[in-house]
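Below is target.csv, holding CSV, C-alpha atoms and all ligand atoms.
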```csv
chain,number,residue,atom,x,y,z
H,7,MET,CA,142.9,98.3,99.7
H,8,LEU,CA,146.4,99.4,99.2
H,9,VAL,CA,147.4,101.7,96.3
H,10,VAL,CA,151.0,101.6,95.3
H,11,LYS,CA,153.0,103.4,92.6
H,12,GLU,CA,156.4,101.8,93.0
H,13,ILE,CA,157.5,98.4,91.8
H,14,LYS,CA,159.5,97.6,94.9
H,15,GLU,CA,156.5,98.1,97.2
H,16,LEU,CA,154.3,96.0,94.9
H,17,GLN,CA,156.9,93.2,94.9
H,18,GLU,CA,157.4,93.2,98.6
H,19,ARG,CA,153.7,93.0,99.4
H,20,ILE,CA,153.2,90.2,96.9
H,21,ALA,CA,156.2,88.3,98.2
H,22,ARG,CA,154.7,88.5,101.7
H,23,GLU,CA,151.3,87.2,100.5
H,24,LYS,CA,153.0,84.3,98.7
H,25,GLN,CA,155.1,83.5,101.7
H,26,GLU,CA,151.9,83.1,103.7
H,27,GLY,CA,150.6,80.7,101.1
H,28,ARG,CA,148.2,82.9,99.3
H,29,THR,CA,147.6,82.7,95.6
H,30,ILE,CA,147.7,85.9,93.5
H,31,GLY,CA,145.1,86.9,91.0
H,32,PHE,CA,146.0,89.7,88.6
H,33,VAL,CA,143.7,92.0,86.5
H,34,PRO,CA,145.6,94.3,84.3
H,35,THR,CA,143.6,97.4,83.1
H,36,MET,CA,144.1,100.8,81.6
H,37,GLY,CA,141.6,102.3,84.1
H,38,ALA,CA,138.3,104.1,83.1
H,39,LEU,CA,136.9,101.1,84.9
H,40,HIS,CA,133.4,99.8,84.1
H,41,GLN,CA,131.3,96.7,85.0
H,42,GLY,CA,133.4,94.6,82.5
H,43,HIS,CA,136.5,95.2,84.6
H,44,LEU,CA,134.6,94.7,87.8
H,45,SER,CA,133.5,91.3,86.6
H,46,LEU,CA,137.1,90.2,86.0
H,47,ILE,CA,138.0,91.3,89.5
H,48,GLU,CA,135.0,89.4,90.9
H,49,LYS,CA,136.1,86.3,89.2
H,50,ALA,CA,139.7,86.8,90.4
H,51,GLY,CA,138.3,87.2,94.0
H,52,GLN,CA,136.5,83.8,93.6
H,53,GLN,CA,139.5,82.0,92.3
H,54,THR,CA,142.5,83.5,94.1
H,55,ASP,CA,143.3,84.7,97.6
H,56,PHE,CA,144.9,88.1,96.9
H,57,VAL,CA,143.7,90.2,94.0
H,58,VAL,CA,146.0,92.8,92.3
H,59,THR,CA,144.6,95.3,89.7
H,60,SER,CA,146.9,97.4,87.7
H,61,ILE,CA,145.8,100.8,86.2
H,62,PHE,CA,148.2,101.9,83.6
H,63,VAL,CA,147.5,103.6,80.2
H,64,ASN,CA,150.3,101.9,78.2
H,65,PRO,CA,151.7,104.3,75.6
H,66,THR,CA,153.5,101.6,73.6
H,67,GLN,CA,150.2,99.9,72.5
H,68,PHE,CA,148.7,103.0,71.0
H,69,ASN,CA,149.5,103.1,67.3
H,70,ASP,CA,147.3,106.3,67.1
H,71,LYS,CA,148.7,109.1,69.3
H,72,LYS,CA,145.4,110.9,69.3
H,73,ASP,CA,143.8,107.8,70.8
H,74,LEU,CA,146.4,107.8,73.6
H,75,THR,CA,145.8,111.5,74.3
H,76,ASN,CA,142.0,111.0,74.3
H,77,TYR,CA,142.0,107.8,76.3
H,78,PRO,CA,139.9,108.5,79.5
H,79,ARG,CA,141.9,108.8,82.7
H,80,THR,CA,139.7,108.7,85.8
H,81,LEU,CA,142.0,107.4,88.6
H,82,ASP,CA,140.0,108.8,91.6
H,83,LYS,CA,136.8,107.4,90.3
H,84,ASP,CA,138.5,104.1,89.5
H,85,LEU,CA,139.8,103.8,93.0
H,86,GLU,CA,136.4,104.6,94.5
H,87,LEU,CA,134.9,101.8,92.4
H,88,LEU,CA,137.6,99.3,93.4
H,89,GLN,CA,136.9,99.9,97.1
H,90,GLU,CA,133.7,98.0,96.6
H,91,THR,CA,135.4,95.0,95.0
H,92,ALA,CA,137.6,92.0,95.9
H,93,CYS,CA,140.7,94.0,94.8
H,94,GLN,CA,143.2,94.2,97.6
H,95,LEU,CA,146.1,96.0,95.9
H,96,VAL,CA,146.1,98.6,93.1
H,97,PHE,CA,149.3,99.1,91.2
H,98,ALA,CA,149.1,102.5,89.4
H,99,PRO,CA,152.6,103.4,88.2
H,100,GLU,CA,153.9,106.3,86.2
H,101,VAL,CA,155.0,105.8,82.6
H,102,LYS,CA,158.7,106.3,83.7
H,103,THR,CA,158.4,103.6,86.3
H,104,ILE,CA,157.3,101.0,83.7
H,105,TYR,CA,159.6,102.3,81.0
H,106,PRO,CA,162.7,103.7,82.6
H,107,GLN,CA,164.2,103.4,79.1
H,108,GLU,CA,162.7,102.7,75.7
H,109,ASP,CA,161.4,99.1,75.4
H,110,LYS,CA,163.0,97.9,72.2
H,111,ARG,CA,161.8,94.3,72.5
H,112,GLN,CA,160.1,92.9,69.4
H,113,PHE,CA,157.8,90.0,70.1
H,114,ASN,CA,156.8,87.7,67.2
H,115,PHE,CA,153.4,86.1,67.3
H,116,GLY,CA,153.4,85.3,63.6
H,117,LYS,CA,150.0,85.2,62.0
H,118,LEU,CA,148.3,85.9,65.3
H,119,GLU,CA,149.4,89.5,65.3
H,120,GLN,CA,149.0,90.1,61.5
H,121,VAL,CA,145.2,89.4,61.1
H,122,LEU,CA,142.1,91.1,62.4
H,123,GLU,CA,143.2,94.1,64.6
H,124,GLY,CA,146.8,93.5,63.6
H,125,GLN,CA,146.1,94.7,60.0
H,126,PHE,CA,144.8,98.0,61.2
H,127,ARG,CA,146.8,98.6,64.4
H,128,PRO,CA,150.5,98.1,63.5
H,129,GLY,CA,152.6,97.5,66.6
H,130,HIS,CA,149.6,97.4,68.9
H,131,PHE,CA,150.1,93.8,70.1
H,132,ASN,CA,153.8,94.2,70.5
H,133,GLY,CA,153.0,97.1,72.9
H,134,VAL,CA,150.5,94.9,74.7
H,135,ALA,CA,153.1,92.1,75.0
H,136,GLN,CA,155.7,94.6,76.2
H,137,VAL,CA,153.6,95.9,79.1
H,138,VAL,CA,151.9,92.6,80.0
H,139,SER,CA,155.2,90.8,80.2
H,140,LYS,CA,156.6,93.5,82.5
H,141,LEU,CA,153.5,93.4,84.7
H,142,PHE,CA,153.5,89.6,84.8
H,143,ASP,CA,157.2,89.7,85.9
H,144,MET,CA,156.4,92.3,88.6
H,145,THR,CA,153.3,90.6,90.0
H,146,LYS,CA,154.1,86.9,89.4
H,147,PRO,CA,150.4,86.0,89.5
H,148,ASP,CA,149.0,82.5,89.6
H,149,GLN,CA,146.1,83.5,87.4
H,150,ALA,CA,145.5,86.5,85.2
H,151,PHE,CA,142.1,87.6,84.0
H,152,PHE,CA,141.2,88.9,80.5
H,153,GLY,CA,137.9,89.8,78.9
H,154,GLN,CA,136.7,88.0,75.7
H,155,LYS,CA,135.8,91.3,74.2
H,156,ASP,CA,139.4,91.6,73.3
H,157,PHE,CA,139.4,88.2,71.7
H,158,GLN,CA,142.7,88.5,69.7
H,159,GLN,CA,144.5,90.0,72.7
H,160,LEU,CA,143.4,87.0,74.7
H,161,VAL,CA,144.8,84.6,72.1
H,162,ILE,CA,148.1,86.6,72.0
H,163,ILE,CA,148.4,86.7,75.8
H,164,LYS,CA,148.1,82.9,75.9
H,165,ALA,CA,150.8,82.7,73.2
H,166,LEU,CA,153.0,85.1,75.2
H,167,VAL,CA,152.7,82.9,78.4
H,168,LYS,CA,153.7,79.9,76.3
H,169,GLN,CA,156.6,81.6,74.6
H,170,LEU,CA,158.0,82.9,77.9
H,171,ASN,CA,157.3,79.6,79.8
H,172,LEU,CA,155.4,81.6,82.5
H,173,PRO,CA,153.6,79.5,85.1
H,174,ILE,CA,150.5,81.7,84.8
H,175,GLU,CA,147.0,80.5,84.1
H,176,ILE,CA,145.1,82.8,81.7
H,177,VAL,CA,141.4,83.0,82.6
H,178,ALA,CA,139.1,84.2,79.9
H,179,CYS,CA,136.0,86.0,81.1
H,180,PRO,CA,132.8,86.7,79.1
H,181,THR,CA,132.1,90.1,77.5
H,182,MET,CA,129.9,92.3,79.7
H,183,ARG,CA,127.2,94.2,77.8
H,184,GLU,CA,125.0,97.2,78.4
H,185,GLU,CA,121.2,96.4,78.5
H,186,ASP,CA,120.9,97.2,74.8
H,187,GLY,CA,123.8,94.8,74.0
H,188,LEU,CA,126.6,97.3,73.4
H,189,ALA,CA,129.9,95.6,74.6
H,190,MET,CA,131.2,97.5,77.6
H,191,SER,CA,134.3,99.5,76.8
H,192,SER,CA,136.1,102.5,78.3
H,193,ARG,CA,135.8,104.0,74.8
H,194,ASN,CA,132.0,104.1,75.0
H,195,GLN,CA,132.4,107.2,77.3
H,196,ARG,CA,133.5,109.1,74.2
H,197,LEU,CA,130.4,108.5,72.2
H,198,THR,CA,127.9,111.4,71.7
H,199,ASP,CA,124.3,110.7,72.7
H,200,GLU,CA,123.3,110.0,69.1
H,201,GLN,CA,126.3,107.7,68.5
H,202,ARG,CA,125.6,105.9,71.8
H,203,GLN,CA,122.0,105.3,70.6
H,204,ASN,CA,123.2,103.8,67.3
H,205,ALA,CA,126.2,101.7,68.6
H,206,PRO,CA,124.0,98.8,69.8
H,207,HIS,CA,123.2,98.1,66.1
H,208,ILE,CA,126.7,96.4,66.0
H,209,TYR,CA,125.8,93.6,68.5
H,210,GLN,CA,122.2,93.3,67.1
H,211,THR,CA,123.7,92.6,63.7
H,212,LEU,CA,126.2,90.1,65.1
H,213,LYS,CA,123.4,88.2,66.9
H,214,GLU,CA,121.2,88.2,63.8
H,215,ALA,CA,124.3,86.9,61.8
H,216,ARG,CA,124.1,83.8,63.9
H,217,ASN,CA,120.6,83.2,62.6
H,218,LYS,CA,121.7,84.0,59.0
H,219,ALA,CA,124.4,81.3,59.3
H,220,ARG,CA,121.6,78.7,59.1
H,221,SER,CA,120.8,79.7,55.5
H,222,MET,CA,123.8,81.6,54.2
H,223,SER,CA,127.4,80.6,53.4
H,224,VAL,CA,130.3,82.0,55.5
H,225,ASN,CA,131.1,84.5,52.8
H,226,GLU,CA,127.5,85.6,52.5
H,227,VAL,CA,127.2,86.1,56.2
H,228,LYS,CA,130.4,88.2,56.2
H,229,GLN,CA,129.1,90.4,53.4
H,230,TRP,CA,125.7,90.7,55.1
H,231,VAL,CA,127.2,91.8,58.4
H,232,ILE,CA,129.3,94.6,56.8
H,233,GLU,CA,126.4,95.8,54.6
H,234,THR,CA,123.9,95.7,57.5
H,235,ILE,CA,126.1,97.6,59.9
H,236,ASP,CA,127.1,100.2,57.3
H,237,GLN,CA,123.5,100.9,56.6
H,238,ASN,CA,123.5,102.8,59.8
H,239,GLU,CA,124.8,106.3,59.1
H,240,PHE,CA,126.7,106.5,62.3
H,241,LEU,CA,128.7,103.3,61.8
H,242,GLN,CA,131.4,102.3,59.4
H,243,THR,CA,132.8,98.7,59.5
H,244,GLU,CA,136.6,98.4,59.3
H,245,TYR,CA,136.6,94.6,59.0
H,246,PHE,CA,134.5,91.6,59.9
H,247,GLU,CA,136.2,88.2,59.8
H,248,ILE,CA,135.2,84.7,61.0
H,249,THR,CA,138.2,82.8,62.3
H,250,ASP,CA,138.9,79.9,64.6
H,251,ASP,CA,139.8,80.8,68.2
H,252,GLU,CA,143.4,79.3,68.3
H,253,ASN,CA,145.3,80.0,65.1
H,254,LEU,CA,142.9,82.8,63.9
H,255,ASP,CA,142.7,81.1,60.5
H,256,THR,CA,139.8,82.2,58.4
H,257,ILE,CA,136.9,79.8,58.5
H,258,GLU,CA,135.8,78.7,55.0
H,259,SER,CA,132.7,76.6,55.9
H,260,TRP,CA,130.2,76.2,58.7
H,261,ASP,CA,131.1,72.5,58.6
H,262,SER,CA,134.5,73.2,60.1
H,263,PRO,CA,134.9,71.4,63.4
H,264,LEU,CA,136.8,74.4,64.9
H,265,ASN,CA,135.3,77.0,67.2
H,266,LYS,CA,134.2,79.9,65.0
H,267,VAL,CA,134.4,83.5,66.1
H,268,GLY,CA,133.2,86.5,64.1
H,269,SER,CA,135.3,89.6,65.0
H,270,LEU,CA,134.9,93.2,63.9
H,271,ALA,CA,136.0,96.7,64.3
H,272,VAL,CA,133.5,99.5,63.6
H,273,HIS,CA,134.1,103.3,63.5
H,274,CYS,CA,131.4,105.3,65.3
H,275,GLY,CA,132.5,108.9,64.6
H,276,GLU,CA,136.0,109.2,66.1
H,277,VAL,CA,135.6,106.2,68.3
H,278,ARG,CA,136.7,102.7,67.2
H,279,LEU,CA,134.7,99.9,68.7
H,280,ILE,CA,135.4,96.2,68.6
H,281,ASP,CA,133.2,93.2,69.4
H,282,ASN,CA,132.9,89.5,68.5
H,283,ILE,CA,130.4,86.7,68.6
H,284,VAL,CA,130.8,82.9,68.7
H,285,PHE,CA,129.0,80.9,66.0
H,286,GLU,CA,127.7,77.6,67.1
B,1,LIG,O1,143.0,95.2,77.7
B,1,LIG,C1,143.6,96.2,78.2
B,1,LIG,O2,143.0,97.1,78.9
B,1,LIG,C2,145.1,96.4,77.9
B,1,LIG,O3,145.4,96.0,76.6
B,1,LIG,C3,146.0,95.7,78.9
B,1,LIG,C4,145.8,94.2,78.9
B,1,LIG,C5,145.7,96.3,80.3
B,1,LIG,C6,147.5,96.0,78.6
B,1,LIG,O4,147.7,97.4,78.6
```

Produce structure tokens that represent the structure in this file.
Ligand code: PAF
Amino acid sequence: MLVVKEIKELQERIAREKQEGRTIGFVPTMGALHQGHLSLIEKAGQQTDFVVTSIFVNPTQFNDKKDLTNYPRTLDKDLELLQETACQLVFAPEVKTIYPQEDKRQFNFGKLEQVLEGQFRPGHFNGVAQVVSKLFDMTKPDQAFFGQKDFQQLVIIKALVKQLNLPIEIVACPTMREEDGLAMSSRNQRLTDEQRQNAPHIYQTLKEARNKARSMSVNEVKQWVIETIDQNEFLQTEYFEITDDENLDTIESWDSPLNKVGSLAVHCGEVRLIDNIVFE
């Protein structure tokens, strides 16, 4: 497994692989790797010939500077984990390599960036689009792999690829969960033992909400989810909304023919957790 920090080296190696007829699979990450990332890499290994993983904590997507400072950085451990996977090249650049000058580009995803996470994390998706568009340009992958845990990010990346006419297939991969149901996230590392014990209450409530949907209206389920999560003293719901999975429009009735996804953000102490569930 090759580890490179410079764009030129990355591009030369990828060009060589392409010349030899190999397809490129790309898994962008911010490091602090866990089983969720490894499942993306495994899928990339099944579907493409040469798997590139990037590890880069992207400063432009952090609306909260404290979150950027506290974001776990565990490069040595990440590289060790990657040795056991299908990953053939790791791109781990410095901030000045990706941003030799300030990126002033403003993307416009309309409503897609204004709802859900967008209401609470101003500029977040613009930062994601800045870095992902640069990484796509550098790696020119055939397929790129994203987790469904970051449901809105996935919708926005699909829109980005359309807007920029990029010939990249975006592959959505299922959320990986701990045994107790907590969605895997690099942020889980920052939970205290007590918070970690209580955090699974989020997914338990989401699963139960699917049963409630048989007897409650959409609005009743939304209210029930927020009240039920907030009954746990360690958890405070920031939002819970049920939308379709393309335009992120609010679902008004269970009769809607659209795919219905319930998404939330919950504060657990200082840590902000997100999760979602599909309603059948
Ligand atoms: O999902 C993430 O880890 C990040 O948002 C991404 C896609 C690597 C961009 O920095």

Report task. Throw together the list of residues within 6 Å of ligand LIG 1 (chain B), counting only C-alpha atoms and all ligand atoms, and drop it here as a PyMOL selection string. Result -> chain H and resi 34-36+64+134+138

Requested in this report: Would you list the contacts of His40 (chain H) as number ranges by chain, taking every protein, DNA or RNA residue within 9 Å and counting only C-alpha atoms, but skipping same-chain residues closer than 3 positions in sequence?
Outcome: H: 37, 43-45, 84, 87, 190-192

Residues of the last selection are to be written out with C-alpha atoms, as a compact mmCIF listing (two decimals), keeping the file's coordinate frame.
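Heads up, here's the output in again_1.txt:
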```txt
# COMPACT_ATOMS: atom_id res chain seq x y z
CA GLY H 37 141.60 102.30 84.10
CA HIS H 43 136.50 95.20 84.60
CA LEU H 44 134.60 94.70 87.80
CA SER H 45 133.50 91.30 86.60
CA ASP H 84 138.50 104.10 89.50
CA LEU H 87 134.90 101.80 92.40
CA MET H 190 131.20 97.50 77.60
CA SER H 191 134.30 99.50 76.80
CA SER H 192 136.10 102.50 78.30
```

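Among the candidate residues H:Asp70, H:Asp236, H:Glu23, H:Glu247, the one lying nearest to Pro147 (chain H) is H:Glu23, with distances computed using only C-alpha atoms.
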
**Report entry** Between CA of Asp82 (chain H) and CA of Lys155 (chain H) - distance in Å to one decimal
**Finding:** 25.0 Å

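The protein and nucleic acid residues lying at most 7 Å from Asn69 (chain H) are Arg127, Pro128, Gly129 and His130 of chain H, with all atoms listed in the file considered and sequence neighbours fewer than 3 positions away removed.
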
**Report entry** Counting only C-alpha atoms, the option among H:Pro78, H:Pro106, H:Gly116, H:Gly31 closest to Asn253 (chain H)
**Finding:**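 Ranked by minimum distance to Asn253 (chain H), first place goes to H:Gly116.
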
Requested in this report: Could you please determine the separation between CA of Thr249 (chain H) and CA of Val121 (chain H) in Å, to one decimal place?
Outcome: 9.7 Å
